[in-house]
>>> print(open('work-v2.cif').read())   # mmCIF, C-alpha atoms, pLDDT in the B column; chains and numbers go by the auth columns
data_entry
loop_
_atom_site.group_PDB
_atom_site.id
_atom_site.type_symbol
_atom_site.label_atom_id
_atom_site.label_comp_id
_atom_site.label_asym_id
_atom_site.label_seq_id
_atom_site.Cartn_x
_atom_site.Cartn_y
_atom_site.Cartn_z
_atom_site.B_iso_or_equiv
_atom_site.auth_seq_id
_atom_site.auth_asym_id
ATOM 1 C CA MET A 1 -41.331 27.484 47.011 72.00 1 A
ATOM 2 C CA GLU A 2 -42.913 24.011 47.158 71.00 2 A
ATOM 3 C CA GLY A 3 -46.401 25.214 48.055 70.00 3 A
ATOM 4 C CA PRO A 4 -48.843 23.662 50.523 63.00 4 A
ATOM 5 C CA ASP A 5 -50.482 21.297 47.998 66.00 5 A
ATOM 6 C CA HIS A 6 -48.633 19.985 44.918 64.00 6 A
ATOM 7 C CA ASN A 7 -51.832 18.572 43.417 70.00 7 A
ATOM 8 C CA ASN A 8 -53.869 21.795 43.605 70.00 8 A
ATOM 9 C CA GLU A 9 -53.294 24.224 40.697 72.00 9 A
ATOM 10 C CA GLU A 10 -53.879 27.261 42.911 75.00 10 A
ATOM 11 C CA LEU A 11 -51.838 26.081 45.918 73.00 11 A
ATOM 12 C CA LYS A 12 -48.786 24.499 44.337 75.00 12 A
ATOM 13 C CA GLY A 13 -45.570 26.468 44.612 79.00 13 A
ATOM 14 C CA MET A 14 -42.982 27.784 42.197 83.00 14 A
ATOM 15 C CA ILE A 15 -40.935 24.591 41.987 83.00 15 A
ATOM 16 C CA PRO A 16 -43.826 22.291 40.901 85.00 16 A
ATOM 17 C CA ARG A 17 -44.931 24.935 38.379 85.00 17 A
ATOM 18 C CA MET A 18 -41.388 25.070 36.998 89.00 18 A
ATOM 19 C CA PHE A 19 -41.434 21.265 36.587 89.00 19 A
ATOM 20 C CA GLN A 20 -44.544 21.458 34.406 90.00 20 A
ATOM 21 C CA CYS A 21 -43.163 24.326 32.334 93.00 21 A
ATOM 22 C CA LEU A 22 -39.801 22.607 31.832 95.00 22 A
ATOM 23 C CA PHE A 23 -41.290 19.377 30.519 95.00 23 A
ATOM 24 C CA GLN A 24 -43.813 21.245 28.372 95.00 24 A
ATOM 25 C CA LEU A 25 -40.914 23.069 26.687 95.00 25 A
ATOM 26 C CA ILE A 26 -39.026 19.799 26.249 95.00 26 A
ATOM 27 C CA GLU A 27 -42.124 18.247 24.657 94.00 27 A
ATOM 28 C CA GLU A 28 -42.399 21.192 22.238 95.00 28 A
ATOM 29 C CA ALA A 29 -38.701 21.145 21.258 94.00 29 A
ATOM 30 C CA ASP A 30 -37.475 19.977 17.863 93.00 30 A
ATOM 31 C CA GLU A 31 -37.423 16.177 17.524 93.00 31 A
ATOM 32 C CA SER A 32 -33.701 16.231 16.757 94.00 32 A
ATOM 33 C CA ILE A 33 -32.909 17.450 20.264 95.00 33 A
ATOM 34 C CA GLU A 34 -32.574 14.898 23.071 96.00 34 A
ATOM 35 C CA PHE A 35 -32.808 16.047 26.685 96.00 35 A
ATOM 36 C CA THR A 36 -31.440 14.583 29.902 96.00 36 A
ATOM 37 C CA VAL A 37 -32.797 15.898 33.193 96.00 37 A
ATOM 38 C CA LYS A 38 -31.326 14.993 36.562 95.00 38 A
ATOM 39 C CA VAL A 39 -32.110 16.395 39.999 95.00 39 A
ATOM 40 C CA SER A 40 -30.555 16.553 43.439 95.00 40 A
ATOM 41 C CA PHE A 41 -32.057 17.738 46.709 94.00 41 A
ATOM 42 C CA LEU A 42 -29.803 19.082 49.470 94.00 42 A
ATOM 43 C CA GLU A 43 -30.180 20.736 52.843 92.00 43 A
ATOM 44 C CA ILE A 44 -27.844 23.252 54.454 91.00 44 A
ATOM 45 C CA TYR A 45 -28.114 23.323 58.222 85.00 45 A
ATOM 46 C CA MET A 46 -25.560 24.731 60.642 83.00 46 A
ATOM 47 C CA GLU A 47 -23.070 25.122 57.771 86.00 47 A
ATOM 48 C CA LYS A 48 -23.275 21.426 56.833 91.00 48 A
ATOM 49 C CA ILE A 49 -24.659 20.069 53.569 94.00 49 A
ATOM 50 C CA MET A 50 -26.812 16.938 53.759 94.00 50 A
ATOM 51 C CA ASP A 51 -28.142 14.893 50.858 95.00 51 A
ATOM 52 C CA LEU A 52 -31.919 14.706 51.319 95.00 52 A
ATOM 53 C CA LEU A 53 -32.171 11.812 48.848 95.00 53 A
ATOM 54 C CA ASN A 54 -29.639 9.770 50.841 95.00 54 A
ATOM 55 C CA PRO A 55 -29.503 11.019 54.462 90.00 55 A
ATOM 56 C CA LYS A 56 -26.464 8.834 55.151 92.00 56 A
ATOM 57 C CA LYS A 57 -24.513 11.340 53.055 93.00 57 A
ATOM 58 C CA SER A 58 -23.881 14.309 55.296 88.00 58 A
ATOM 59 C CA ASN A 59 -21.277 17.031 55.554 90.00 59 A
ATOM 60 C CA LEU A 60 -20.854 17.112 51.757 94.00 60 A
ATOM 61 C CA SER A 61 -18.454 19.625 50.251 94.00 61 A
ATOM 62 C CA VAL A 62 -18.804 22.252 47.544 93.00 62 A
ATOM 63 C CA ARG A 63 -16.280 21.940 44.712 94.00 63 A
ATOM 64 C CA LYS A 64 -15.487 23.758 41.492 95.00 64 A
ATOM 65 C CA ASP A 65 -13.823 22.577 38.296 91.00 65 A
ATOM 66 C CA LYS A 66 -13.637 23.540 34.625 91.00 66 A
ATOM 67 C CA ASN A 67 -16.049 20.853 33.391 84.00 67 A
ATOM 68 C CA ASN A 68 -18.762 20.962 36.078 81.00 68 A
ATOM 69 C CA GLY A 69 -18.490 24.514 37.400 87.00 69 A
ATOM 70 C CA VAL A 70 -19.628 24.731 41.029 90.00 70 A
ATOM 71 C CA PHE A 71 -21.111 21.483 42.358 90.00 71 A
ATOM 72 C CA VAL A 72 -21.635 19.454 45.536 94.00 72 A
ATOM 73 C CA LYS A 73 -19.336 16.449 45.573 94.00 73 A
ATOM 74 C CA ASP A 74 -21.073 13.062 46.027 94.00 74 A
ATOM 75 C CA ALA A 75 -24.624 14.492 45.919 95.00 75 A
ATOM 76 C CA THR A 76 -27.182 11.915 44.785 96.00 76 A
ATOM 77 C CA GLU A 77 -28.465 12.637 41.278 96.00 77 A
ATOM 78 C CA VAL A 78 -31.731 11.118 40.064 96.00 78 A
ATOM 79 C CA TYR A 79 -32.679 11.062 36.366 97.00 79 A
ATOM 80 C CA VAL A 80 -36.291 12.050 35.703 96.00 80 A
ATOM 81 C CA ASN A 81 -38.366 12.061 32.532 94.00 81 A
ATOM 82 C CA ASN A 82 -41.484 13.996 33.565 94.00 82 A
ATOM 83 C CA ALA A 83 -42.844 16.521 36.072 90.00 83 A
ATOM 84 C CA GLU A 84 -44.371 13.771 38.206 91.00 84 A
ATOM 85 C CA GLY A 85 -40.945 12.137 38.583 93.00 85 A
ATOM 86 C CA MET A 86 -39.479 15.436 39.748 90.00 86 A
ATOM 87 C CA LEU A 87 -42.327 15.849 42.245 89.00 87 A
ATOM 88 C CA ASP A 88 -41.711 12.344 43.574 91.00 88 A
ATOM 89 C CA VAL A 89 -38.047 13.204 44.166 93.00 89 A
ATOM 90 C CA MET A 90 -39.005 16.462 45.879 89.00 90 A
ATOM 91 C CA LYS A 91 -41.536 14.700 48.136 88.00 91 A
ATOM 92 C CA ALA A 92 -39.021 11.981 49.084 91.00 92 A
ATOM 93 C CA GLY A 93 -36.380 14.556 49.945 91.00 93 A
ATOM 94 C CA SER A 94 -38.818 16.754 51.869 85.00 94 A
ATOM 95 C CA GLN A 95 -39.520 13.865 54.236 86.00 95 A
ATOM 96 C CA ASN A 96 -35.846 13.904 55.249 86.00 96 A
ATOM 97 C CA ARG A 97 -35.659 17.638 56.052 78.00 97 A
ATOM 98 C CA SER A 98 -34.863 18.849 59.548 70.00 98 A
ATOM 99 C CA ILE A 99 -38.013 20.469 60.919 59.00 99 A
ATOM 100 C CA ALA A 100 -39.277 21.572 64.321 54.00 100 A
ATOM 101 C CA ALA A 101 -42.505 23.229 65.372 49.00 101 A
ATOM 102 C CA THR A 102 -42.553 26.894 66.295 51.00 102 A
ATOM 103 C CA ARG A 103 -45.419 29.014 67.577 51.00 103 A
ATOM 104 C CA MET A 104 -45.949 30.414 64.077 50.00 104 A
ATOM 105 C CA ASN A 105 -45.412 27.311 61.939 52.00 105 A
ATOM 106 C CA ALA A 106 -45.878 23.633 62.785 50.00 106 A
ATOM 107 C CA THR A 107 -43.370 22.537 60.133 52.00 107 A
ATOM 108 C CA SER A 108 -40.787 25.285 60.396 52.00 108 A
ATOM 109 C CA SER A 109 -37.286 24.533 59.229 58.00 109 A
ATOM 110 C CA ARG A 110 -34.138 26.226 60.442 69.00 110 A
ATOM 111 C CA SER A 111 -32.354 24.981 57.353 78.00 111 A
ATOM 112 C CA HIS A 112 -32.203 25.913 53.693 86.00 112 A
ATOM 113 C CA SER A 113 -32.977 23.411 50.975 87.00 113 A
ATOM 114 C CA LEU A 114 -31.585 23.346 47.449 90.00 114 A
ATOM 115 C CA PHE A 115 -33.425 21.550 44.679 90.00 115 A
ATOM 116 C CA ILE A 116 -30.900 21.307 41.859 92.00 116 A
ATOM 117 C CA CYS A 117 -32.001 20.548 38.315 93.00 117 A
ATOM 118 C CA THR A 118 -29.384 19.849 35.649 93.00 118 A
ATOM 119 C CA ILE A 119 -30.568 19.822 32.038 94.00 119 A
ATOM 120 C CA SER A 120 -28.457 18.642 29.109 95.00 120 A
ATOM 121 C CA GLN A 121 -29.472 18.740 25.487 95.00 121 A
ATOM 122 C CA LYS A 122 -27.940 17.024 22.496 95.00 122 A
ATOM 123 C CA ASP A 123 -28.693 17.942 18.903 93.00 123 A
ATOM 124 C CA THR A 124 -28.644 14.647 16.993 92.00 124 A
ATOM 125 C CA LYS A 125 -28.287 16.459 13.649 92.00 125 A
ATOM 126 C CA ASN A 126 -24.889 17.959 14.388 92.00 126 A
ATOM 127 C CA ASP A 127 -23.894 16.092 17.602 89.00 127 A
ATOM 128 C CA SER A 128 -23.572 19.316 19.621 91.00 128 A
ATOM 129 C CA THR A 129 -24.237 19.236 23.361 90.00 129 A
ATOM 130 C CA LYS A 130 -25.259 21.985 25.791 88.00 130 A
#
>>> encode(input="work-v2.cif", output="C-alpha cells")
Amino acid sequence: MEGPDHNNEELKGMIPRMFQCLFQLIEEADESIEFTVKVSFLEIYMEKIMDLLNPKKSNLSVRKDKNNGVFVKDATEVYVNNAEGMLDVMKAGSQNRSIAATRMNATSSRSHSLFICTISQKDTKNDSTK
C-alpha cells in the first residue's frame, strides 16, 4: 500500500498516490469551499491497537457514537495541508511499526496498519458542513 519508494512515480504505492489525488481535487474545488484534512496512523498487533504517531499510546479502544461514527478513542490526529505533509506523517508512523525479518521479507510485519484520513468541507456561501 505504501510502496517501496515514495519519491519514485513508478514505485510509490496506493496511499501516496491517493494523497496527490486528494489534494489535487481540493485545489480544483470551488473557492467557497474550505477543507480540513487530518490523519491518524494506527497499528493492530495481537488484538491491541497502538498509535504509531505516539507509541506511548497503546491498547487504544474502538468506540462508536452518533456524531463521530466508529473511531479509535485517543488516537493522535495530525492536521495536514498537502500531500507532502501526509507523507511525512506516514513515514514517521512507519518508523514505529513492529517489524521482524523473515526468510521472504527483511521488513515483514505481523501487524496491520491503518492510515486514517478524515476530510471535512465547509461551504462558506451557505455555512453547510460535510
>>> resolve_selection(input="work-v2.cif", expression="the PyMOL selection byres ((chain A and resi 43-45) around 6)", output="number ranges by chain")
A: 42, 46-50, 111-113
>>> closest_atom_pairs(input="work-v2.cif", of="region 13-56 of chain A", to="region 61-84 of chain A", cutoff="7 Å", atoms="all atoms listed in the file", output="JSON lines")
{"residue": "A:Phe19", "atom": "CA", "partner": "A:Ala83", "partner_atom": "CA", "distance": 5.0}
{"residue": "A:Gln20", "atom": "CA", "partner": "A:Ala83", "partner_atom": "CA", "distance": 5.5}
{"residue": "A:Phe23", "atom": "CA", "partner": "A:Asn82", "partner_atom": "CA", "distance": 6.2}
{"residue": "A:Val37", "atom": "CA", "partner": "A:Val80", "partner_atom": "CA", "distance": 5.8}
{"residue": "A:Lys38", "atom": "CA", "partner": "A:Tyr79", "partner_atom": "CA", "distance": 4.2}
{"residue": "A:Val39", "atom": "CA", "partner": "A:Val78", "partner_atom": "CA", "distance": 5.3}
{"residue": "A:Ser40", "atom": "CA", "partner": "A:Glu77", "partner_atom": "CA", "distance": 4.9}
{"residue": "A:Asp51", "atom": "CA", "partner": "A:Ala75", "partner_atom": "CA", "distance": 6.1}
{"residue": "A:Leu53", "atom": "CA", "partner": "A:Thr76", "partner_atom": "CA", "distance": 6.4}
{"residue": "A:Asn54", "atom": "CA", "partner": "A:Thr76", "partner_atom": "CA", "distance": 6.9}
>>> atom_distance(input="work-v2.cif", atom1="CA of Gln95 (chain A)", atom2="CA of Lys12 (chain A)")
17.2 Å
>>> axis_aligned_box(input="work-v2.cif", around="region 44-55 of chain A", padding_each_side="4 Å", output="AutoDock Vina command-line options")
--center_x -27.6 --center_y 17.4 --center_z 54.7 --size_x 17.1 --size_y 23.4 --size_z 19.8
>>> residues_near_point(input="work-v2.cif", point="(-29.4, 17.5, 18.1)", cutoff="12 Å", atoms="all atoms listed in the file", output="JSON list (two decimals) with C-alpha atoms, keeping the file's coordinate frame")
[["chain", "number", "residue", "atom", "x", "y", "z"],
["A", 29, "ALA", "CA", -38.70, 21.14, 21.26],
["A", 30, "ASP", "CA", -37.48, 19.98, 17.86],
["A", 31, "GLU", "CA", -37.42, 16.18, 17.52],
["A", 32, "SER", "CA", -33.70, 16.23, 16.76],
["A", 33, "ILE", "CA", -32.91, 17.45, 20.26],
["A", 34, "GLU", "CA", -32.57, 14.90, 23.07],
["A", 35, "PHE", "CA", -32.81, 16.05, 26.68],
["A", 120, "SER", "CA", -28.46, 18.64, 29.11],
["A", 121, "GLN", "CA", -29.47, 18.74, 25.49],
["A", 122, "LYS", "CA", -27.94, 17.02, 22.50],
["A", 123, "ASP", "CA", -28.69, 17.94, 18.90],
["A", 124, "THR", "CA", -28.64, 14.65, 16.99],
["A", 125, "LYS", "CA", -28.29, 16.46, 13.65],
["A", 126, "ASN", "CA", -24.89, 17.96, 14.39],
["A", 127, "ASP", "CA", -23.89, 16.09, 17.60],
["A", 128, "SER", "CA", -23.57, 19.32, 19.62],
["A", 129, "THR", "CA", -24.24, 19.24, 23.36],
["A", 130, "LYS", "CA", -25.26, 21.98, 25.79]]
>>> closest_residue(input="work-v2.cif", among="A:Thr118, A:Thr36, A:Met14, A:Gly3", to="Ser94 (chain A)", atoms="all atoms listed in the file")
A:Gly3
>>> closest_residue(input="work-v2.cif", among="A:Met18, A:Leu114, A:Leu52, A:Met1", to="Met86 (chain A)", atoms="only C-alpha atoms")
A:Met18
